[in-house]
$ cat protein_5.txt   # compact mmCIF, C-alpha atoms
# COMPACT_ATOMS: atom_id res chain seq x y z
CA MET A 93 74.72 -0.61 87.11
CA PRO A 94 75.68 -4.17 86.09
CA GLN A 95 79.44 -4.64 86.28
CA ILE A 96 80.55 -7.05 83.60
CA SER A 97 84.00 -8.60 83.90
CA ALA A 98 86.06 -11.37 82.35
CA PHE A 99 87.11 -14.44 84.33
CA ARG A 100 89.35 -17.47 84.07
CA GLY A 101 86.81 -20.14 83.30
CA LEU A 102 87.18 -23.76 84.31
CA ARG A 103 86.62 -25.88 81.21
CA TYR A 104 86.82 -29.47 80.04
CA ASP A 105 90.11 -30.57 78.46
CA LEU A 106 89.02 -32.35 75.31
CA GLY A 107 92.19 -34.44 75.38
CA HIS A 108 90.77 -36.11 78.48
CA VAL A 109 87.05 -36.30 77.67
CA GLY A 110 86.94 -36.53 73.87
CA ALA A 111 83.77 -34.96 72.51
CA LEU A 112 82.35 -31.95 74.35
CA SER A 113 78.86 -33.19 73.47
CA ASP A 114 79.37 -36.15 75.81
CA VAL A 115 79.99 -34.09 78.95
CA ILE A 116 77.42 -31.28 78.72
CA ALA A 117 73.86 -31.19 80.09
CA PRO A 118 70.81 -28.90 80.12
CA PRO A 119 70.03 -26.91 83.30
CA TYR A 120 69.33 -29.03 86.38
CA ASP A 121 65.69 -27.92 86.66
CA VAL A 122 64.64 -29.41 83.31
CA ILE A 123 66.31 -32.78 83.88
CA GLY A 124 64.01 -35.66 84.80
CA LYS A 125 65.19 -38.98 86.18
CA ASP A 126 65.36 -40.70 82.79
CA LEU A 127 67.52 -37.96 81.29
CA GLN A 128 69.64 -37.87 84.45
CA ASP A 129 70.30 -41.61 84.07
CA ASP A 130 71.11 -41.19 80.38
CA LEU A 131 73.60 -38.42 81.13
CA TYR A 132 75.25 -40.52 83.84
CA LYS A 133 75.77 -43.30 81.28
CA GLN A 134 76.92 -40.94 78.53
CA HIS A 135 80.33 -40.18 80.07
CA PRO A 136 81.98 -40.70 83.48
CA ALA A 137 82.82 -36.99 83.59
CA ASN A 138 79.45 -35.64 82.44
CA VAL A 139 78.59 -32.42 84.26
CA ILE A 140 75.36 -34.04 85.52
CA ARG A 141 77.49 -35.41 88.39
CA LEU A 142 78.07 -31.81 89.47
CA ILE A 143 74.80 -30.01 88.78
CA LEU A 144 72.40 -32.82 89.72
CA ASN A 145 74.18 -35.65 91.47
CA ARG A 146 71.97 -38.63 92.29
CA ASP A 147 70.77 -39.54 95.76
CA GLU A 148 72.35 -42.79 96.90
CA PRO A 149 71.48 -45.34 99.63
CA GLY A 150 73.09 -44.43 102.92
CA ASP A 151 73.37 -40.71 102.21
CA ALA A 152 73.98 -38.63 105.34
CA ASP A 153 75.19 -35.15 106.30
CA ALA A 154 78.82 -36.05 105.66
CA ASN A 155 78.22 -38.00 102.46
CA ASN A 156 75.49 -36.95 100.05
CA ARG A 157 74.89 -35.71 96.55
CA TYR A 158 76.38 -32.30 97.34
CA THR A 159 79.60 -33.69 98.85
CA ARG A 160 79.89 -36.13 95.95
CA ALA A 161 79.59 -33.26 93.48
CA ALA A 162 82.35 -31.42 95.33
CA ARG A 163 84.61 -34.50 95.24
CA PHE A 164 84.06 -34.94 91.51
CA LEU A 165 84.86 -31.27 90.92
CA LYS A 166 88.07 -31.50 92.99
CA ASN A 167 89.17 -34.80 91.47
CA TRP A 168 88.53 -33.70 87.90
CA GLN A 169 90.67 -30.60 88.45
CA GLU A 170 93.48 -32.64 89.99
CA GLU A 171 93.32 -35.13 87.12
CA GLY A 172 93.30 -32.39 84.47
CA VAL A 173 89.82 -33.26 83.21
CA LEU A 174 88.85 -29.67 84.07
CA GLN A 175 91.44 -26.91 83.63
CA ASN A 176 91.45 -23.18 84.29
CA ASP A 177 91.98 -20.96 81.28
CA ARG A 178 95.32 -19.18 81.44
CA GLU A 179 93.78 -15.77 80.73
CA SER A 180 90.59 -14.06 81.83
CA ALA A 181 88.03 -14.06 79.05
CA LEU A 182 84.52 -13.33 77.95
CA TYR A 183 82.98 -16.40 76.35
CA VAL A 184 81.00 -15.78 73.17
CA TYR A 185 78.22 -18.35 72.98
CA HIS A 186 76.00 -19.16 69.98
CA GLN A 187 73.03 -21.54 69.91
CA ILE A 188 71.82 -22.75 66.51
CA PHE A 189 68.34 -24.25 66.58
CA GLU A 190 65.17 -24.80 64.58
CA TYR A 191 61.69 -23.63 65.46
CA GLY A 192 58.58 -23.49 63.30
CA GLY A 193 60.48 -24.73 60.27
CA SER A 194 63.11 -21.95 60.42
CA GLU A 195 66.69 -21.93 61.69
CA PHE A 196 67.74 -19.38 64.29
CA THR A 197 71.02 -18.40 65.91
CA ARG A 198 70.88 -16.85 69.36
CA ARG A 199 74.09 -14.99 70.20
CA GLY A 200 75.41 -13.84 73.54
CA PHE A 201 78.42 -13.93 75.81
CA MET A 202 79.22 -15.25 79.26
CA ALA A 203 80.79 -13.00 81.84
CA ARG A 204 80.89 -12.41 85.55
CA MET A 205 78.15 -9.96 86.52
CA GLY A 206 78.39 -8.06 89.80
CA LEU A 207 75.61 -9.02 92.20
CA GLN A 208 72.86 -6.66 93.31
CA ARG A 209 69.93 -7.70 95.44
CA PHE A 210 66.71 -7.45 93.46
CA GLY A 211 65.19 -4.05 94.15
CA GLU A 212 68.54 -2.42 94.96
CA GLY A 213 69.83 -1.72 91.45
CA ASN A 214 68.93 -2.34 87.85
CA ILE A 215 69.13 -6.12 87.74
CA TYR A 216 65.52 -7.27 87.64
CA PRO A 217 63.71 -10.58 88.18
CA HIS A 218 60.52 -11.40 86.32
CA GLU A 219 59.28 -14.59 88.03
CA GLU A 220 58.72 -15.79 91.58
CA THR A 221 61.20 -18.10 93.32
CA HIS A 222 60.75 -20.94 95.80
CA SER A 223 62.69 -21.45 99.01
CA ALA A 224 63.27 -25.19 98.56
CA ALA A 225 65.00 -24.71 95.21
CA LYS A 226 67.20 -21.93 96.61
CA GLU A 227 68.22 -24.05 99.60
CA ASP A 228 69.14 -26.91 97.25
CA ARG A 229 71.31 -24.66 95.08
CA LEU A 230 72.90 -23.03 98.15
CA LYS A 231 73.97 -26.44 99.52
CA LEU A 232 75.56 -27.22 96.16
CA THR A 233 77.31 -23.84 95.95
CA ARG A 234 78.67 -24.21 99.50
CA ALA A 235 80.05 -27.65 98.66
CA CYS A 236 81.58 -26.78 95.28
CA ALA A 237 82.37 -23.04 95.66
CA ALA A 238 81.57 -22.50 92.00
CA ASN A 239 78.87 -21.34 89.61
CA LEU A 240 78.33 -24.62 87.79
CA SER A 241 75.69 -23.12 85.47
CA GLN A 242 75.13 -19.61 84.20
CA ILE A 243 72.32 -17.14 84.78
CA PHE A 244 70.48 -16.11 81.61
CA GLY A 245 70.30 -12.32 81.45
CA ILE A 246 68.75 -10.18 78.72
CA TYR A 247 69.40 -6.49 78.15
CA PRO A 248 68.23 -3.76 75.74
CA ASP A 249 70.66 -2.96 72.92
CA SER A 250 68.77 -1.85 69.82
CA THR A 251 71.89 -1.92 67.62
CA ASN A 252 73.43 -5.02 69.28
CA GLU A 253 76.55 -2.93 69.82
CA ALA A 254 78.18 -5.07 72.51
CA GLN A 255 77.61 -8.35 70.70
CA SER A 256 78.77 -6.91 67.37
CA ILE A 257 82.18 -6.05 68.85
CA LEU A 258 82.56 -9.63 70.02
CA GLU A 259 81.34 -11.05 66.70
CA ALA A 260 84.01 -9.08 64.85
CA THR A 261 86.63 -10.45 67.22
CA ILE A 262 85.74 -14.12 66.66
CA ALA A 263 85.24 -13.85 62.88
CA GLY A 264 87.20 -16.64 61.21
CA VAL A 265 88.07 -18.35 64.52
CA ALA A 266 87.07 -22.00 64.90
CA PRO A 267 84.72 -22.53 67.87
CA LEU A 268 84.37 -25.30 70.39
CA GLU A 269 81.15 -27.11 69.54
CA ALA A 270 78.67 -29.41 71.24
CA THR A 271 75.28 -30.79 70.24
CA ASP A 272 72.70 -31.46 72.95
CA HIS A 273 70.07 -34.18 73.26
CA LEU A 274 67.52 -32.03 71.38
CA GLY A 275 69.82 -31.45 68.42
CA VAL A 276 70.64 -27.83 69.30
CA VAL A 277 74.20 -26.87 68.31
CA HIS A 278 76.19 -24.85 70.87
CA ARG A 279 79.39 -22.98 69.93
CA LEU A 280 81.87 -21.26 72.22
CA TRP A 281 84.74 -18.83 71.69
CA PRO A 282 86.88 -17.44 74.56
CA VAL A 283 87.79 -13.77 73.97
CA SER A 284 90.74 -12.59 76.08
CA ASP A 285 91.65 -9.34 74.27
CA SER A 286 91.60 -6.77 77.10
CA SER A 287 90.65 -3.86 74.84
CA VAL A 288 87.60 -5.77 73.55
CA ILE A 289 86.64 -6.78 77.08
CA ASN A 290 86.89 -3.16 78.26
CA GLN A 291 84.75 -1.92 75.35
CA VAL A 292 82.03 -4.46 76.10
CA ALA A 293 82.11 -3.72 79.84
CA THR A 294 81.76 0.02 79.15
CA ILE A 295 78.78 -0.49 76.85
CA MET A 296 77.07 -2.79 79.34
CA ALA A 297 77.57 -0.51 82.34
CA ASP A 298 74.60 1.72 81.47
CA LYS A 299 72.14 -1.04 80.64
CA PRO A 300 69.54 -2.75 82.84
CA MET A 301 69.68 -6.53 83.02
CA PHE A 302 66.60 -8.74 83.26
CA VAL A 303 66.94 -12.29 84.56
CA ALA A 304 65.30 -14.44 81.89
CA ASP A 305 66.17 -17.78 83.49
CA GLY A 306 68.04 -18.83 86.59
CA HIS A 307 66.23 -16.76 89.25
CA HIS A 308 66.93 -19.37 91.93
CA ARG A 309 70.62 -19.48 91.02
CA TYR A 310 70.85 -15.68 91.05
CA GLU A 311 69.28 -15.34 94.50
CA THR A 312 71.45 -18.23 95.69
CA ALA A 313 74.54 -16.37 94.49
CA CYS A 314 73.48 -13.37 96.59
CA ASN A 315 72.82 -15.59 99.62
CA TYR A 316 76.19 -17.32 99.23
CA ARG A 317 78.01 -13.98 99.02
CA ASP A 318 76.25 -12.71 102.15
CA GLU A 319 76.96 -15.97 103.97
CA LEU A 320 80.67 -15.68 103.21
CA ALA A 321 80.68 -12.06 104.35
CA GLY A 322 79.16 -13.03 107.71
CA GLY A 323 77.41 -9.71 108.22
CA ALA A 324 80.36 -7.62 107.00
CA GLU A 325 81.42 -6.56 103.53
CA LEU A 326 83.09 -9.22 101.42
CA ASP A 327 86.46 -8.22 99.99
CA PRO A 328 85.59 -6.37 96.74
CA THR A 329 87.95 -8.62 94.76
CA HIS A 330 86.32 -11.85 95.96
CA PRO A 331 84.81 -13.77 93.02
CA ALA A 332 81.62 -14.48 95.01
CA ASN A 333 80.67 -10.82 94.49
CA ALA A 334 79.62 -11.82 90.97
CA VAL A 335 77.71 -14.58 89.21
CA MET A 336 78.41 -16.20 85.85
CA THR A 337 75.85 -14.79 83.42
CA MET A 338 74.97 -15.36 79.78
CA CYS A 339 74.19 -11.89 78.41
CA VAL A 340 71.89 -11.74 75.37
CA SER A 341 70.55 -8.62 73.69
CA MET A 342 66.77 -8.39 73.71
CA ASP A 343 67.14 -7.30 70.08
CA ASP A 344 69.15 -10.33 68.98
CA PRO A 345 67.38 -11.99 66.01
CA GLY A 346 67.58 -15.37 67.76
CA MET A 347 65.67 -14.24 70.87
CA ILE A 348 62.28 -15.94 70.91
CA VAL A 349 59.91 -16.64 73.78
CA LEU A 350 57.73 -19.74 73.60
CA PRO A 351 54.39 -20.32 75.35
CA THR A 352 53.82 -22.48 78.42
CA HIS A 353 50.39 -24.10 78.16
CA ARG A 354 48.62 -25.45 81.25
CA LEU A 355 47.03 -28.82 81.94
CA PHE A 356 45.15 -28.32 85.20
CA LYS A 357 44.61 -30.93 87.90
CA GLY A 358 42.24 -30.85 90.86
CA LEU A 359 39.53 -28.72 89.26
CA PRO A 360 35.88 -29.84 89.26
CA ALA A 361 34.82 -31.61 86.06
CA LEU A 362 33.00 -28.81 84.22
CA THR A 363 31.34 -29.14 80.84
CA ALA A 364 31.83 -26.48 78.17
CA ASP A 365 28.34 -25.13 78.89
CA GLN A 366 29.13 -24.84 82.61
CA LEU A 367 32.43 -23.12 81.91
CA ARG A 368 30.72 -20.72 79.50
CA ASP A 369 28.20 -19.81 82.21
CA ARG A 370 31.02 -19.09 84.68
CA LEU A 371 32.80 -16.81 82.20
CA SER A 372 29.67 -15.15 80.81
CA GLY A 373 29.91 -11.37 80.50
CA LEU A 374 33.66 -11.26 81.09
CA PHE A 375 34.58 -13.16 77.92
CA ASP A 376 33.17 -13.56 74.46
CA ILE A 377 32.98 -17.32 73.92
CA GLU A 378 33.36 -19.24 70.68
CA ASP A 379 32.45 -22.95 70.71
CA LEU A 380 34.65 -25.21 68.60
CA THR A 381 34.40 -28.83 67.56
CA GLY A 382 37.10 -31.45 67.32
CA GLY A 383 39.09 -33.74 69.55
CA PRO A 384 42.45 -33.04 71.20
CA ALA A 385 44.12 -32.56 67.81
CA ALA A 386 41.94 -29.48 67.20
CA ALA A 387 44.43 -27.71 69.48
CA HIS A 388 46.68 -27.21 66.44
CA GLU A 389 44.13 -25.13 64.54
CA ILE A 390 42.96 -23.29 67.65
CA TRP A 391 46.50 -22.32 68.61
CA ALA A 392 47.32 -21.16 65.08
CA LYS A 393 44.40 -18.71 65.26
CA ILE A 394 45.33 -17.51 68.76
CA GLU A 395 48.92 -16.91 67.66
CA ALA A 396 47.78 -15.06 64.56
CA GLU A 397 45.58 -12.72 66.63
CA ASP A 398 48.52 -12.05 69.02
CA ASP A 399 46.11 -11.06 71.81
CA GLN A 400 47.01 -11.82 75.44
CA GLY A 401 43.30 -11.83 76.30
CA ARG A 402 42.48 -14.71 73.94
CA LEU A 403 42.71 -18.22 75.43
CA GLY A 404 41.90 -21.73 74.25
CA LEU A 405 40.13 -23.90 76.86
CA ARG A 406 39.17 -27.58 76.74
CA THR A 407 36.78 -29.19 79.22
CA GLN A 408 37.43 -32.87 79.75
CA ALA A 409 33.92 -33.62 81.04
CA ASP A 410 32.56 -33.40 77.49
CA GLY A 411 35.73 -33.11 75.43
CA LYS A 412 34.88 -29.70 73.95
CA TRP A 413 36.99 -26.66 73.11
CA LEU A 414 36.17 -23.01 73.74
CA VAL A 415 38.01 -19.87 72.72
CA ALA A 416 37.51 -17.18 75.36
CA VAL A 417 38.24 -13.54 74.47
CA LEU A 418 38.41 -11.01 77.31
CA THR A 419 35.85 -8.20 77.07
CA GLU A 420 36.07 -4.66 78.43
CA THR A 421 33.90 -5.82 81.34
CA GLY A 422 36.38 -8.61 81.88
CA ARG A 423 39.27 -6.16 81.90
CA ALA A 424 37.48 -4.09 84.52
CA LYS A 425 36.93 -7.21 86.63
CA MET A 426 40.59 -8.15 86.24
CA ALA A 427 41.61 -4.68 87.40
CA GLU A 428 39.42 -5.18 90.47
CA VAL A 429 40.65 -8.64 91.46
CA ALA A 430 44.32 -7.82 90.71
CA SER A 431 44.31 -4.23 91.93
CA GLU A 432 47.68 -4.66 93.62
CA HIS A 433 49.28 -5.13 90.20
CA SER A 434 50.00 -2.83 87.27
CA LYS A 435 47.97 -2.77 84.06
CA ASP A 436 50.86 -4.51 82.32
CA TRP A 437 50.65 -7.43 84.78
CA GLN A 438 46.85 -7.48 84.60
CA GLY A 439 46.99 -7.73 80.81
CA LEU A 440 49.15 -10.86 80.65
CA GLY A 441 47.45 -13.97 79.34
CA VAL A 442 48.89 -16.10 82.16
CA SER A 443 47.67 -13.54 84.73
CA ILE A 444 44.17 -13.49 83.22
CA LEU A 445 44.07 -17.28 83.21
CA GLN A 446 45.28 -17.73 86.77
CA ARG A 447 43.81 -14.76 88.63
CA LEU A 448 40.55 -14.14 86.75
CA ILE A 449 39.50 -17.53 85.38
CA VAL A 450 40.90 -20.09 87.82
CA GLU A 451 41.00 -18.23 91.12
CA THR A 452 38.04 -15.84 90.70
CA MET A 453 35.50 -17.34 88.30
CA LEU A 454 36.19 -21.01 89.14
CA GLU A 455 36.97 -20.21 92.79
CA ALA A 456 39.86 -22.67 92.72
CA ARG A 457 42.88 -21.97 94.91
CA ASP A 458 45.66 -24.15 96.26
CA LEU A 459 45.42 -26.48 93.29
CA PRO A 460 48.12 -29.05 92.54
CA LYS A 461 50.83 -27.65 90.29
CA PRO A 462 49.61 -27.84 86.67
CA THR A 463 51.45 -29.86 84.08
CA TYR A 464 53.32 -27.27 82.02
CA VAL A 465 54.00 -28.00 78.35
CA HIS A 466 55.45 -25.86 75.57
CA THR A 467 54.28 -27.40 72.31
CA ILE A 468 50.85 -28.19 70.96
CA GLU A 469 52.08 -31.73 70.29
CA GLU A 470 52.59 -32.15 74.04
CA VAL A 471 49.10 -30.82 74.73
CA VAL A 472 47.54 -33.22 72.24
CA ASP A 473 49.54 -36.18 73.51
CA ALA A 474 48.51 -35.56 77.13
CA LEU A 475 44.84 -35.16 76.23
CA GLU A 476 44.85 -38.30 74.10
CA THR A 477 46.77 -40.57 76.48
CA THR A 478 45.72 -39.46 79.99
CA PRO A 479 42.69 -37.15 79.55
CA GLU A 480 41.23 -38.17 82.91
CA ASN A 481 44.13 -36.39 84.64
CA TYR A 482 43.25 -32.96 83.28
CA PRO A 483 39.72 -31.57 83.75
CA LEU A 484 40.82 -28.33 82.09
CA ALA A 485 43.46 -27.59 79.48
CA ALA A 486 44.45 -24.02 78.59
CA LEU A 487 46.34 -22.62 75.62
CA VAL A 488 47.83 -19.25 76.54
CA MET A 489 50.07 -16.69 74.85
CA PRO A 490 53.59 -16.21 76.23
CA ALA A 491 54.73 -12.96 77.78
CA THR A 492 56.85 -10.92 75.38
CA LEU A 493 60.23 -9.32 75.95
CA ASP A 494 58.44 -5.96 76.26
CA HIS A 495 56.22 -7.42 78.99
CA ILE A 496 59.28 -8.68 80.85
CA ARG A 497 60.92 -5.28 80.76
CA ALA A 498 57.83 -3.29 81.73
CA ILE A 499 56.64 -5.57 84.52
CA SER A 500 60.14 -6.00 85.94
CA GLU A 501 60.68 -2.25 86.04
CA HIS A 502 57.41 -1.94 87.98
CA GLY A 503 59.06 -4.11 90.64
CA GLU A 504 56.59 -6.95 89.97
CA ARG A 505 57.05 -10.61 89.20
CA MET A 506 54.98 -12.56 86.71
CA PRO A 507 53.05 -15.71 87.56
CA ALA A 508 55.12 -18.89 87.42
CA LYS A 509 55.99 -20.19 83.95
CA SER A 510 55.02 -17.00 82.14
CA THR A 511 57.93 -17.41 79.73
CA TYR A 512 59.92 -20.20 78.18
CA PHE A 513 63.19 -19.21 76.57
CA TYR A 514 64.23 -21.80 74.02
CA PRO A 515 66.75 -23.29 73.74
CA LYS A 516 68.07 -23.80 77.26
CA LEU A 517 71.67 -22.86 78.01
CA LEU A 518 74.08 -25.73 78.46
CA SER A 519 75.82 -26.56 81.71
CA GLY A 520 79.39 -27.76 81.32
CA LEU A 521 80.70 -25.31 78.75
CA VAL A 522 82.29 -23.06 81.39
CA ILE A 523 82.42 -23.17 85.21
CA ASN A 524 83.08 -20.06 87.30
CA PRO A 525 85.22 -20.82 90.38
CA LEU A 526 84.31 -18.84 93.50
CA ARG A 527 87.48 -19.44 95.53
$ encode --input "protein_5.txt" --output "structure tokens"
Amino acid sequence: MPQISAFRGLRYDLGHVGALSDVIAPPYDVIGKDLQDDLYKQHPANVIRLILNRDEPGDADANNRYTRAARFLKNWQEEGVLQNDRESALYVYHQIFEYGGSEFTRRGFMARMGLQRFGEGNIYPHEETHSAAKEDRLKLTRACAANLSQIFGIYPDSTNEAQSILEATIAGVAPLEATDHLGVVHRLWPVSDSSVINQVATIMADKPMFVADGHHRYETACNYRDELAGGAELDPTHPANAVMTMCVSMDDPGMIVLPTHRLFKGLPALTADQLRDRLSGLFDIEDLTGGPAAAHEIWAKIEAEDDQGRLGLRTQADGKWLVAVLTETGRAKMAEVASEHSKDWQGLGVSILQRLIVETMLEARDLPKPTYVHTIEEVVDALETTPENYPLAALVMPATLDHIRAISEHGERMPAKSTYFYPKLLSGLVINPLR
């Protein structure tokens, strides 16, 4: 069972840094070079220098971006820029954001969560991980001995009991607040009342936890713990037995999952007629007219149908759109070509797209990584500005929270980029020391 505990977080002293907004950053894996440069310029103590330090000329084993991050972390603590809280706490965390013309508030709390290897308890992954990313995060964790960013975990709680206890505790208390580069407002409240912490930990003890984001960081935390143990058991009180986790109820009103559309590279330049022939019998095909901007109307209809087996496809060879709807024959074919997976996995839109359309019907494997985008505006922009780069564009429904739970409990992992949880959690609000 997940063991949730409070911890003495390491946090920015606003007397040293001024505005919290100036020193925070999104997760390292969504930061491109331009944003990295902007964050470097924003403040000399921005957390970017810890989570994604820049490569510099002359870097070597003894002096590199990981050792620089460790020096910044040490120096900032010695200078009082970062200070440990005096008491152990859970950290209530709200994110206020807009999507689709409506305002949402996603509510959760940060805690230490006891580590379990995937498959050995009831902490579940839902996406595949890559060794290079884990090695990068392990080098950083070795150097800094800290969780610099939190895991994003989601759990079932139909009445939001755990969060409600925390909400009652912070009612009327002024939060710490930061606004990120996308305009999302982030609010933080430390809660150190031991009776509240114990109530929350008791409620959470019986619940499964699903890793929504941060799979590489979670597996890195396990690897770091095992490395410290050296083949033995690490002292049960050692902080490396846990990982800093943002815990959000799957039933929180602010929990939304956005799509990740695909812009494929490396495929042969098919026309709409050729693509229709390849998919014939497995999909019902509707031909649509319009340029790249027609994606808006197509996606609105796909969303309204709420059918994982309905995909929008655009062939660059002739600039035409198709809507492909999986038939019963197509479902049978999918069950055949993905027989090692459950029906839940086989029914995912991203699974149908990748396994049935791309790998089976188009016979395309080992393609370059697609360009992944989350909004229709990004799809339209890419198809209008660099259409020659993308012989096939695909609009695909996101996996739902129910899909995540079912497929994770089957012991399976979804195809890459099956989900996009918006907004991203900030780095720099709280750091979890591991010494």
$ atom_distance --input "protein_5.txt" --atom1 "CA of Arg370 (chain A)" --atom2 "CA of Lys425 (chain A)"
13.4 Å
$ residues_around --input "protein_5.txt" --residues "Glu395 (chain A)" --least-positions-apart "4" --cutoff "12 Å" --atoms "only C-alpha atoms" --output "number ranges by chain"
A: 350-351, 387-391, 399-404, 468, 487-490
$ residues_near_point --input "protein_5.txt" --point "(50.0, -4.6, 88.8)" --cutoff "10 Å" --atoms "all atoms listed in the file" --output "PyMOL selection string"
chain A and resi 427+430-439+499+502-506
$ write_last_selection --input "protein_5.txt" --atoms "C-alpha atoms" --output "PDB file, in the frame of the given file"
ATOM      1  CA  ALA A 427      41.610  -4.680  87.400  1.00  0.00           C
ATOM      2  CA  ALA A 430      44.320  -7.820  90.710  1.00  0.00           C
ATOM      3  CA  SER A 431      44.310  -4.230  91.930  1.00  0.00           C
ATOM      4  CA  GLU A 432      47.680  -4.660  93.620  1.00  0.00           C
ATOM      5  CA  HIS A 433      49.280  -5.130  90.200  1.00  0.00           C
ATOM      6  CA  SER A 434      50.000  -2.830  87.270  1.00  0.00           C
ATOM      7  CA  LYS A 435      47.970  -2.770  84.060  1.00  0.00           C
ATOM      8  CA  ASP A 436      50.860  -4.510  82.320  1.00  0.00           C
ATOM      9  CA  TRP A 437      50.650  -7.430  84.780  1.00  0.00           C
ATOM     10  CA  GLN A 438      46.850  -7.480  84.600  1.00  0.00           C
ATOM     11  CA  GLY A 439      46.990  -7.730  80.810  1.00  0.00           C
ATOM     12  CA  ILE A 499      56.640  -5.570  84.520  1.00  0.00           C
ATOM     13  CA  HIS A 502      57.410  -1.940  87.980  1.00  0.00           C
ATOM     14  CA  GLY A 503      59.060  -4.110  90.640  1.00  0.00           C
ATOM     15  CA  GLU A 504      56.590  -6.950  89.970  1.00  0.00           C
ATOM     16  CA  ARG A 505      57.050 -10.610  89.200  1.00  0.00           C
ATOM     17  CA  MET A 506      54.980 -12.560  86.710  1.00  0.00           C
TER      18      MET A 506
END
$ closest_residue --input "protein_5.txt" --among "A:Asn176, A:Gln446, A:Ser250, A:Asn333" --to "Arg204 (chain A)" --atoms "only C-alpha atoms"
A:Asn333
$ residues_near_point --input "protein_5.txt" --point "(80.7, -39.7, 77.8)" --cutoff "8 Å" --atoms "all atoms listed in the file" --output "list in words"
Val109, Ala111, Asp114, Val115, Leu131, Lys133, Gln134, His135, Pro136, Ala137 and Asn138 of chain A
$ closest_residue --input "protein_5.txt" --among "A:Pro525, A:Gly322, A:Pro118, A:Gly411" --to "Ala334 (chain A)" --atoms "all atoms listed in the file"
A:Pro525
$ closest_residue --input "protein_5.txt" --among "A:Ala225, A:Met296, A:Val349, A:Ala154" --to "Ala203 (chain A)" --atoms "all atoms listed in the file"
A:Met296
$ closest_residue --input "protein_5.txt" --among "A:Pro300, A:Gly206, A:Pro217, A:Pro282" --to "Pro248 (chain A)" --atoms "only C-alpha atoms"
A:Pro300
$ residues_around --input "protein_5.txt" --residues "Leu526 (chain A)" --least-positions-apart "4" --cutoff "8 Å" --atoms "all atoms listed in the file" --output "VMD selection string"
chain A and resid 237 to 239 330 to 332
